[in-house]
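One file, structure14.cif, is given below (mmCIF, C-alpha atoms and all ligand atoms).
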```cif
data_start
loop_
_atom_site.label_atom_id
_atom_site.label_comp_id
_atom_site.auth_asym_id
_atom_site.auth_seq_id
_atom_site.Cartn_x
_atom_site.Cartn_y
_atom_site.Cartn_z
CA MET F 1 -7.39 26.30 21.05
CA ASP F 2 -4.71 23.68 20.41
CA LEU F 3 -1.99 25.91 18.91
CA LYS F 4 0.51 23.10 18.54
CA ALA F 5 -2.00 20.98 16.60
CA ILE F 6 -2.88 23.98 14.39
CA GLU F 7 0.76 24.73 13.52
CA LYS F 8 1.47 21.07 12.75
CA LEU F 9 -1.63 20.82 10.54
CA LYS F 10 -0.69 23.95 8.57
CA LYS F 11 2.84 22.66 7.95
CA ASN F 12 1.67 19.15 6.99
CA VAL F 13 -1.11 20.38 4.70
CA TYR F 14 1.19 22.90 3.02
CA GLU F 15 3.83 20.23 2.35
CA ALA F 16 1.26 17.70 1.10
CA ASN F 17 -0.28 20.26 -1.29
CA MET F 18 3.15 21.15 -2.68
CA LEU F 19 3.62 17.51 -3.68
CA LEU F 20 0.76 17.82 -6.21
CA PRO F 21 2.65 19.94 -8.78
CA LYS F 22 5.90 18.13 -7.92
CA ASN F 23 4.30 14.76 -8.75
CA GLY F 24 2.71 16.13 -11.92
CA LEU F 25 -0.86 15.72 -10.67
CA VAL F 26 -2.11 19.28 -11.11
CA ILE F 27 -1.86 22.28 -13.37
CA PHE F 28 -2.90 25.79 -12.25
CA THR F 29 -4.90 25.43 -9.02
CA TRP F 30 -6.72 22.19 -9.90
CA GLY F 31 -6.33 20.22 -6.75
CA ASN F 32 -6.48 20.28 -3.00
CA VAL F 33 -5.25 18.29 -0.04
CA SER F 34 -6.56 18.30 3.51
CA GLU F 35 -5.48 16.58 6.70
CA MET F 36 -7.42 15.90 9.89
CA ASP F 37 -6.06 15.70 13.42
CA ARG F 38 -8.72 13.42 14.91
CA GLU F 39 -7.59 14.02 18.51
CA ALA F 40 -7.85 17.80 18.19
CA GLY F 41 -10.93 17.56 15.94
CA LEU F 42 -9.29 19.94 13.44
CA ILE F 43 -8.93 19.90 9.66
CA GLY F 44 -6.43 21.88 7.60
CA ILE F 45 -7.16 22.50 3.93
CA LYS F 46 -5.78 24.48 1.00
CA PRO F 47 -7.28 27.95 0.48
CA SER F 48 -9.42 28.45 -2.61
CA GLY F 49 -7.83 29.55 -5.89
CA VAL F 50 -4.29 30.13 -4.58
CA SER F 51 -1.57 29.03 -7.01
CA TYR F 52 1.06 26.61 -5.77
CA GLU F 53 3.89 29.14 -6.36
CA ASP F 54 2.17 31.58 -4.03
CA LEU F 55 0.97 29.11 -1.38
CA ARG F 56 2.53 29.52 2.09
CA PRO F 57 2.00 27.43 5.25
CA GLU F 58 0.23 30.35 6.95
CA ASP F 59 -2.40 30.38 4.16
CA ILE F 60 -3.76 26.94 5.14
CA VAL F 61 -7.30 27.24 6.51
CA VAL F 62 -8.15 25.36 9.72
CA LEU F 63 -11.73 24.24 10.39
CA ASP F 64 -13.60 21.91 12.68
CA LEU F 65 -15.62 18.94 11.45
CA SER F 66 -18.79 21.04 11.15
CA GLY F 67 -16.95 23.48 8.85
CA ARG F 68 -16.60 26.26 11.43
CA LEU F 69 -13.51 28.39 10.82
CA VAL F 70 -10.92 27.92 13.55
CA GLU F 71 -8.01 29.80 11.99
CA GLY F 72 -7.10 31.40 8.69
CA LYS F 73 -7.63 34.61 6.75
CA MET F 74 -8.45 33.04 3.40
CA ARG F 75 -11.50 31.24 2.07
CA ALA F 76 -11.13 27.44 2.23
CA SER F 77 -11.07 25.32 -0.95
CA SER F 78 -14.40 25.22 -2.79
CA ASP F 79 -14.31 21.43 -2.32
CA THR F 80 -14.18 21.72 1.48
CA ALA F 81 -17.72 20.38 2.00
CA THR F 82 -16.77 17.19 0.11
CA HIS F 83 -13.72 16.70 2.35
CA LEU F 84 -15.78 17.29 5.52
CA GLU F 85 -18.44 14.84 4.39
CA LEU F 86 -15.80 12.16 3.77
CA TYR F 87 -14.17 12.73 7.20
CA ARG F 88 -17.62 12.30 8.77
CA ALA F 89 -18.54 9.22 6.68
CA PHE F 90 -15.18 7.41 7.04
CA PRO F 91 -13.92 7.90 10.62
CA PHE F 92 -10.55 6.26 9.89
CA LEU F 93 -9.47 8.96 7.37
CA GLY F 94 -6.53 11.23 8.25
CA GLY F 95 -6.03 12.91 4.86
CA ILE F 96 -7.83 13.51 1.56
CA CYS F 97 -6.53 14.51 -1.86
CA HIS F 98 -8.52 15.69 -4.88
CA THR F 99 -7.01 16.32 -8.31
CA HIS F 100 -8.00 16.33 -11.96
CA SER F 101 -4.97 14.20 -12.84
CA ARG F 102 -5.22 13.28 -16.51
CA TYR F 103 -5.65 9.51 -16.67
CA ALA F 104 -7.75 9.04 -13.56
CA THR F 105 -10.01 11.85 -14.81
CA ILE F 106 -10.35 10.11 -18.19
CA PHE F 107 -11.85 7.11 -16.39
CA ALA F 108 -14.10 9.41 -14.34
CA GLN F 109 -15.35 11.07 -17.53
CA ARG F 110 -15.89 7.70 -19.21
CA LYS F 111 -17.84 6.76 -16.05
CA GLU F 112 -15.82 3.55 -15.74
CA SER F 113 -14.17 1.99 -12.73
CA ILE F 114 -10.47 1.09 -12.94
CA LEU F 115 -10.10 -2.68 -12.90
CA PRO F 116 -7.04 -4.27 -11.26
CA PHE F 117 -4.92 -5.41 -14.19
CA GLY F 118 -1.69 -5.99 -12.29
CA THR F 119 0.26 -6.04 -9.08
CA THR F 120 0.91 -2.28 -9.11
CA HIS F 121 -2.82 -1.82 -8.61
CA ALA F 122 -3.11 -4.75 -6.18
CA ASP F 123 -0.31 -3.38 -3.96
CA TYR F 124 -2.49 -0.35 -3.16
CA PHE F 125 -6.12 -1.04 -4.02
CA HIS F 126 -7.83 -4.28 -3.01
CA GLY F 127 -10.23 -4.32 -5.97
CA ALA F 128 -11.49 -2.06 -8.74
CA VAL F 129 -11.36 1.68 -8.02
CA PRO F 130 -15.09 2.45 -8.05
CA ILE F 131 -16.95 5.06 -10.07
CA THR F 132 -19.81 6.95 -8.40
CA ARG F 133 -23.26 7.32 -9.86
CA PRO F 134 -23.87 10.71 -11.49
CA LEU F 135 -25.40 13.30 -9.17
CA THR F 136 -29.07 14.10 -9.72
CA ALA F 137 -30.18 17.58 -10.85
CA GLU F 138 -31.33 18.30 -7.28
CA GLU F 139 -28.01 17.15 -5.84
CA ILE F 140 -26.17 19.46 -8.25
CA ALA F 141 -28.43 22.47 -7.65
CA ASP F 142 -28.12 22.56 -3.85
CA ASP F 143 -25.21 21.58 -1.58
CA TYR F 144 -23.33 20.23 -4.61
CA GLU F 145 -19.99 19.73 -2.83
CA GLN F 146 -21.51 18.06 0.22
CA ASN F 147 -23.63 15.82 -2.02
CA THR F 148 -20.48 14.81 -3.90
CA GLY F 149 -19.14 13.48 -0.59
CA LYS F 150 -22.43 11.73 0.16
CA VAL F 151 -22.48 10.02 -3.24
CA ILE F 152 -18.90 8.81 -2.71
CA ALA F 153 -19.84 7.31 0.66
CA GLU F 154 -22.99 5.76 -0.83
CA CYS F 155 -21.20 4.17 -3.81
CA HIS F 156 -17.97 2.97 -2.21
CA PRO F 157 -17.88 -0.77 -1.41
CA ASP F 158 -14.62 -0.80 0.60
CA PRO F 159 -13.16 2.60 1.63
CA GLU F 160 -10.50 0.99 3.86
CA GLY F 161 -9.22 -1.50 1.28
CA ILE F 162 -9.55 0.83 -1.72
CA PRO F 163 -8.47 4.36 -0.69
CA ALA F 164 -9.66 6.00 -3.92
CA VAL F 165 -12.80 6.76 -5.90
CA LEU F 166 -13.69 8.31 -9.24
CA VAL F 167 -16.50 10.86 -9.15
CA ALA F 168 -18.49 10.46 -12.38
CA ASN F 169 -17.80 13.22 -14.93
CA HIS F 170 -15.41 14.87 -12.48
CA GLY F 171 -12.24 13.22 -11.20
CA PRO F 172 -10.51 11.25 -8.46
CA PHE F 173 -10.52 11.60 -4.69
CA THR F 174 -8.02 9.57 -2.68
CA TRP F 175 -7.37 9.31 1.03
CA GLY F 176 -4.94 7.90 3.57
CA LYS F 177 -3.61 8.15 7.10
CA ASN F 178 -2.54 11.78 6.53
CA GLY F 179 -2.32 14.36 3.74
CA LYS F 180 0.96 13.04 2.31
CA ASP F 181 -0.36 9.48 2.30
CA ALA F 182 -3.46 10.66 0.38
CA VAL F 183 -1.18 12.33 -2.21
CA HIS F 184 0.90 9.15 -2.42
CA ASN F 185 -2.26 7.19 -3.23
CA ALA F 186 -3.29 9.83 -5.79
CA THR F 187 0.09 9.47 -7.50
CA VAL F 188 -0.19 5.67 -7.61
CA LEU F 189 -3.77 5.94 -8.87
CA GLU F 190 -2.67 8.14 -11.77
CA GLU F 191 0.01 5.64 -12.81
CA VAL F 192 -2.43 2.73 -12.44
CA ALA F 193 -5.03 4.59 -14.53
CA LEU F 194 -2.52 5.20 -17.33
CA MET F 195 -1.61 1.51 -17.43
CA ALA F 196 -5.24 0.38 -17.19
CA LEU F 197 -6.19 2.52 -20.19
CA TYR F 198 -3.88 0.38 -22.33
CA CYS F 199 -5.26 -2.84 -20.81
CA GLN F 200 -8.94 -2.16 -21.54
CA GLY F 201 -10.61 -5.33 -22.80
CA LYS F 202 -7.97 -7.60 -21.22
CA ASP F 203 -8.56 -9.84 -18.23
CA PRO F 204 -8.07 -8.30 -14.78
CA VAL F 205 -5.91 -10.16 -12.24
CA GLY F 206 -7.52 -12.96 -10.25
CA SER F 207 -8.29 -12.76 -6.55
CA ASP F 208 -5.17 -14.87 -5.82
CA ILE F 209 -2.80 -12.12 -7.07
CA LEU F 210 -5.04 -9.35 -5.74
CA ASP F 211 -5.07 -10.83 -2.22
CA LYS F 212 -1.39 -11.78 -2.23
CA HIS F 213 -0.15 -8.32 -3.23
CA TYR F 214 -2.61 -6.35 -1.14
CA PHE F 215 -2.21 -8.34 2.07
CA ARG F 216 1.58 -8.60 1.94
CA LYS F 217 1.61 -4.78 2.29
CA HIS F 218 -1.50 -4.17 4.43
CA GLY F 219 -3.10 -5.63 7.54
CA ALA F 220 -2.04 -7.89 10.38
CA ASN F 221 0.09 -10.30 8.32
CA ALA F 222 1.89 -7.73 6.12
CA TYR F 223 5.54 -8.50 5.53
CA TYR F 224 6.56 -6.00 2.80
CA GLY F 225 9.11 -3.32 3.74
CA GLN F 226 11.31 -2.70 6.82
ZN ZN F 301 -12.57 18.89 -8.92
#
```

What does the file become when written as structure tokens?
Amino acid sequence: MDLKAIEKLKKNVYEANMLLPKNGLVIFTWGNVSEMDREAGLIGIKPSGVSYEDLRPEDIVVLDLSGRLVEGKMRASSDTATHLELYRAFPFLGGICHTHSRYATIFAQRKESILPFGTTHADYFHGAVPITRPLTAEEIADDYEQNTGKVIAECHPDPEGIPAVLVANHGPFTWGKNGKDAVHNATVLEEVALMALYCQGKDPVGSDILDKHYFRKHGANAYYGQ
């Protein structure tokens, strides 16, 4: 067992989860962040139903990619099967964040994607943030959480360029290179969703602005930042 990797995961996942209330993305226990150490093959995730005031680093549950418990005394988040499915479907993911943040969830409940209306969106998401199809009755009845992950993978046109999705009638999932990066993207998504709500019916940005802002921050020719 890679004890060093386990300790690092627990610390990182704890800190990333604590950013959710700090950034105003969750109330009560409505959210969860995980992180995966690809080299060690281990995933750390928030325990189920533990409030953020009570959460401690040692409470973080560590699993392998098949969902087998590696370390932890508590039950893992009820959304764990969705996280595992996404780590399997998108091998570049290092962290996943799920919230019911207000404005992104409004779009999810309206079953509408979030169009790119400005450069704030284009800096982070290279296109509309997609909405999934609704799950079928069968998909809801059995293996609901895993099927949620499968539907995300099925519906997403560009998981590398657009690190976010809206699950129909549910809420957003975002991802990134680690847990904190996934929370960062969740925070940007919430702000973008708020702005987009007031821009409904207006024209989205063209591909010139979308490409310029996305590619100056991402990819081989990025030049934004230090
Ligand atoms: Zn949820």

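Taking only C-alpha atoms and all ligand atoms into account, ligand ZN 301 (chain F) lies nearest to F:Tyr144 out of the set F:Tyr52, F:Tyr144, F:Tyr214, F:Phe117.
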
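Residues of protein, DNA or RNA lying at most 7 Å from ligand ZN 301 (chain F), when all atoms listed in the file are considered, are F:Trp30, F:Gly31, F:His98, F:Thr99, F:His100, F:His170, F:Gly171.
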
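Considering all atoms listed in the file, the residue among F:Met1, F:Ile27, F:Val50, F:Val33 positioned nearest to Glu71 in chain F is F:Met1.
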
Surrounding residues of Ala193 in chain F excluding itself and chain neighbours under 2 positions, 7 Å, all atoms listed in the file, as a ChimeraX atom specification: /F:103-104,114,189-191,195-197

Within 6 Å of Thr174 in chain F, counting all atoms listed in the file, which residues qualify if same-chain residues fewer than 3 places away don't, as a ChimeraX atom specification? /F:96-97,163-164,182,186

In Å, rounded to a single decimal, give me how far CA of Ala108 in chain F is from CA of Val61 in chain F. 28.3 Å

Skipping near chain neighbours, those fewer than 5 positions away, what residues fall within 10 Å of Ser34 in chain F using only C-alpha atoms, listed as a list in words? Leu9, Lys10, Asn12, Val13, Tyr14, Ala16, Asn17, Ile43, Gly44, Ile45, Lys46, Ile60, Val61, Val62, Ser77, Thr80, His83, Leu84, Gly94, Gly95, Ile96, Cys97, His98, Trp175, Asn178, Gly179, Lys180, Ala182 and Val183 of chain F

Between CA of Ser78 in chain F and CA of Glu138 in chain F lies a distance of 18.8 Å

Go through F:Arg216, F:Lys150, F:His184, F:Arg68 one by one, measure the shortest atom-to-atom distance of each to Ala89 in chain F using only C-alpha atoms, and give the residue with the smallest value. F:Lys150

Place a sphere of radius 7 Å on (-14.2, 21.6, 12.5) in the file coordinates and name every protein, DNA or RNA residue with an atom inside or on its surface, counting only C-alpha atoms; give the answer as a ChimeraX atom specification. /F:41-43,63-68

Report as JSON, numbers by chain all protein, DNA and RNA residues lying within 12 Å of Cys155 in chain F, evaluated on all atoms listed in the file, omitting residues in the same chain fewer than 4 positions from it. {"F": [89, 113, 129, 130, 131, 132, 133, 134, 135, 148, 149, 150, 151, 159, 164, 165, 166, 167, 168]}

C-alpha atoms of the current selection, written as a tab-separated table (two decimals), in the frame of the given file:
```
chain	number	residue	atom	x	y	z
F	89	ALA	CA	-18.54	9.22	6.68
F	113	SER	CA	-14.17	1.99	-12.73
F	129	VAL	CA	-11.36	1.68	-8.02
F	130	PRO	CA	-15.09	2.45	-8.05
F	131	ILE	CA	-16.95	5.06	-10.07
F	132	THR	CA	-19.81	6.95	-8.40
F	133	ARG	CA	-23.26	7.32	-9.86
F	134	PRO	CA	-23.87	10.71	-11.49
F	135	LEU	CA	-25.40	13.30	-9.17
F	148	THR	CA	-20.48	14.81	-3.90
F	149	GLY	CA	-19.14	13.48	-0.59
F	150	LYS	CA	-22.43	11.73	0.16
F	151	VAL	CA	-22.48	10.02	-3.24
F	159	PRO	CA	-13.16	2.60	1.63
F	164	ALA	CA	-9.66	6.00	-3.92
F	165	VAL	CA	-12.80	6.76	-5.90
F	166	LEU	CA	-13.69	8.31	-9.24
F	167	VAL	CA	-16.50	10.86	-9.15
F	168	ALA	CA	-18.49	10.46	-12.38
```

Polymer residues at most 10 Å from (-9.2, -4.0, 6.1) by all atoms listed in the file, as a count of residues only: 10

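The spacing separating CA of Glu35 in chain F from CA of Lys111 in chain F amounts to 27.7 Å.
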
Name the residues in contact with Ser48 in chain F at a cut-off of 9 Å, using only C-alpha atoms, excluding same-chain residues fewer than 6 positions from it; report them as an mmCIF file with C-alpha atoms, in the frame of the given file.
```cif
data_model
loop_
_atom_site.group_PDB
_atom_site.id
_atom_site.type_symbol
_atom_site.label_atom_id
_atom_site.label_comp_id
_atom_site.auth_asym_id
_atom_site.auth_seq_id
_atom_site.Cartn_x
_atom_site.Cartn_y
_atom_site.Cartn_z
ATOM 1 C CA THR F 29 -4.900 25.430 -9.020
ATOM 2 C CA ASN F 32 -6.480 20.280 -3.000
ATOM 3 C CA MET F 74 -8.450 33.040 3.400
ATOM 4 C CA ARG F 75 -11.500 31.240 2.070
ATOM 5 C CA ALA F 76 -11.130 27.440 2.230
ATOM 6 C CA SER F 77 -11.070 25.320 -0.950
ATOM 7 C CA SER F 78 -14.400 25.220 -2.790
ATOM 8 C CA ASP F 79 -14.310 21.430 -2.320
#
```

Considering all atoms listed in the file, state which residue in the set F:Tyr87, F:Phe28, F:Tyr124, F:Phe173 is at the smallest distance from His213 in chain F. F:Tyr124

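Residue nearest Arg102 in chain F within the list F:Gly24, F:Asp203, F:Met36, F:His121: F:Gly24 [criterion: smallest interatomic distance, all atoms listed in the file].
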